[in-house]
Amino acid sequence: MAACHSVDPGRWQRGFDELVEWIACRFVRVEPRRRVGLFLLGLLAGLPRVNCWTIAEHAGEASPDGMQHLLARAAWHADAVRDDLRGYVVDHLADPGAVLVVDETGDLKKGVHTVGVQRQYTGTAGRIENAQVGVYLVYAATGGHAFIDRALYLPKSWTTEPDRCRAAGVPDDIKFATKPALAREMIIRALDAGVPASWVAGDEVYGCDSKLRTGLQERRIGYVLAVACDHQVATLAGKHPAKALARRLPARAWNRLSAGAGAKGHRWYDWALIDIPVDVTDAEVPGSVGDQALLVRRSISTGELAFYRCYTPVPVPLATLVAVAGRRWTIEESFQAGKGLTGLDEHQVRRWISWHRWTILAMLAHAFLAVTAATARAQTHPTPGLIALTANEIRHLFTHLLDHTRHSAPHLLHWSRWRRRHQARARDCHHCRQTAQLA
């Protein structure tokens, strides 16, 4: 009975209406205010491809012009909706011990005109590709996790070419910023807004940035940030690579602890903690108060080592640092859900403003799923033989139980003609350019 009670389409519909109402004040005109709800429904509809064409067809509109207008020219501010998203997530998932998790992800692109695109390394492909990279911030609480901010990474190949930036709609005051600098800006923005959180977690890109670590220590925010094996750690005997310090650890220094439950059960590793004396850390943050340490993780099966720089305003047990390190994987889960369920990476836009609008709406749709799943878990008891409702399952049920879109044959045929006419026009333009080049 508990499992059946947790599947409450009416409650989910009210939750979605609440989300749309949450951001409604950001849209002065009624047309974009109505259309943004349809856009969010389109992102959640499980369409084979997610773009303005498919969303407009799903919404029953005659062309994609309205949806494209919403992303490109309608009067609303993506930054204001970002603040609303952050408030929505915190309102439902607030946790004083939450972790702010930062990471970047890349979207593969063709050509050179899409804002921020260049040949660069992206973990999405695992190699250097023509890609666009965004840095994201996730709020990871005990009850659930969801995106609360993002920033587009503009390489120097863009920021050193004002005309190229201007053509893509990049504001004149945007300057080059590293990924850790973008992360620092988002974290400070969240903390200044009163987001309840005690920790920050991230991978090596962010752990090796001393400015980010210093800024967090000044705010007395704890962190567990991954660093490379050759990261230099200051000790009373001088600086040494992290891997060299790990080799000196005695057997009794290791403790077997779980980094949290994954899809296949608990993630067990051996862990050790190497204290960094206060005497050698005062130079990094004058007047700093707190403990610093190097956390070492060892794989039980392969013996592979991983390293984390840690800071805590007050002493905490090893298990707490391990739990924070384990929370870093929530952003990978968020990327997977955001891309697979709400089209976070399927934006077919080239300009600065459209990218920021698409991503914030995709993050809103993801937050709805995350909050709905967290609420369902909190309001029901575990049922033997069933896992708890996931964001993926809720998206599937929400689409099929509440989206009663049944378009008529004339509407479907109209869209077939529209697509083929548009594709024919594109083909003819391509042929004309090709002929001109050959001539």
# chains A, B, ... in the order shown; residues from 1 in each chain; ligands from 1
$ residues_around --residues "stretch 344-359 of chain A" --least-positions-apart "5" --cutoff "9 Å" --atoms "only C-alpha atoms" --output "PyMOL selection string"
chain A and resi 43+49-52+68+70-73+77-79+81+106-108+113-116+150-152+165+167-171+335+337-339+364+366
$ residues_around --residues "A:Asp203" --least-positions-apart "3" --cutoff "6 Å" --atoms "only C-alpha atoms" --output "list in words"
Tyr206, Leu225 and Ala226 of chain A
$ write_last_selection --atoms "C-alpha atoms" --output "PDB file, in the first residue's frame"
ATOM      1  CA  TYR A 206      39.264  22.410  -8.373  1.00  0.00           C
ATOM      2  CA  LEU A 225      38.715  18.342  -2.897  1.00  0.00           C
ATOM      3  CA  ALA A 226      40.495  15.756  -5.021  1.00  0.00           C
TER       4      ALA A 226
END
$ closest_residue --among "A:Leu397, A:Ala140, A:Cys25, A:Leu154" --to "A:Val195" --atoms "only C-alpha atoms"
A:Ala140
$ residues_around --residues "stretch 237-251 of chain A" --least-positions-apart "6" --cutoff "10 Å" --atoms "only C-alpha atoms" --output "list in words"
Val227, Ala228, Cys229, Asp230, His231, Ala272, Leu273, Ile274, Val280, Leu294, Leu295, Val296, Arg297, Arg298, Leu305, Ala306, Phe307, Tyr308 and Arg309 of chain A
$ closest_residue --among "A:Cys429, A:Ile276, A:Ile300, A:Ala325" --to "A:Asn255" --atoms "only C-alpha atoms"
A:Ile300
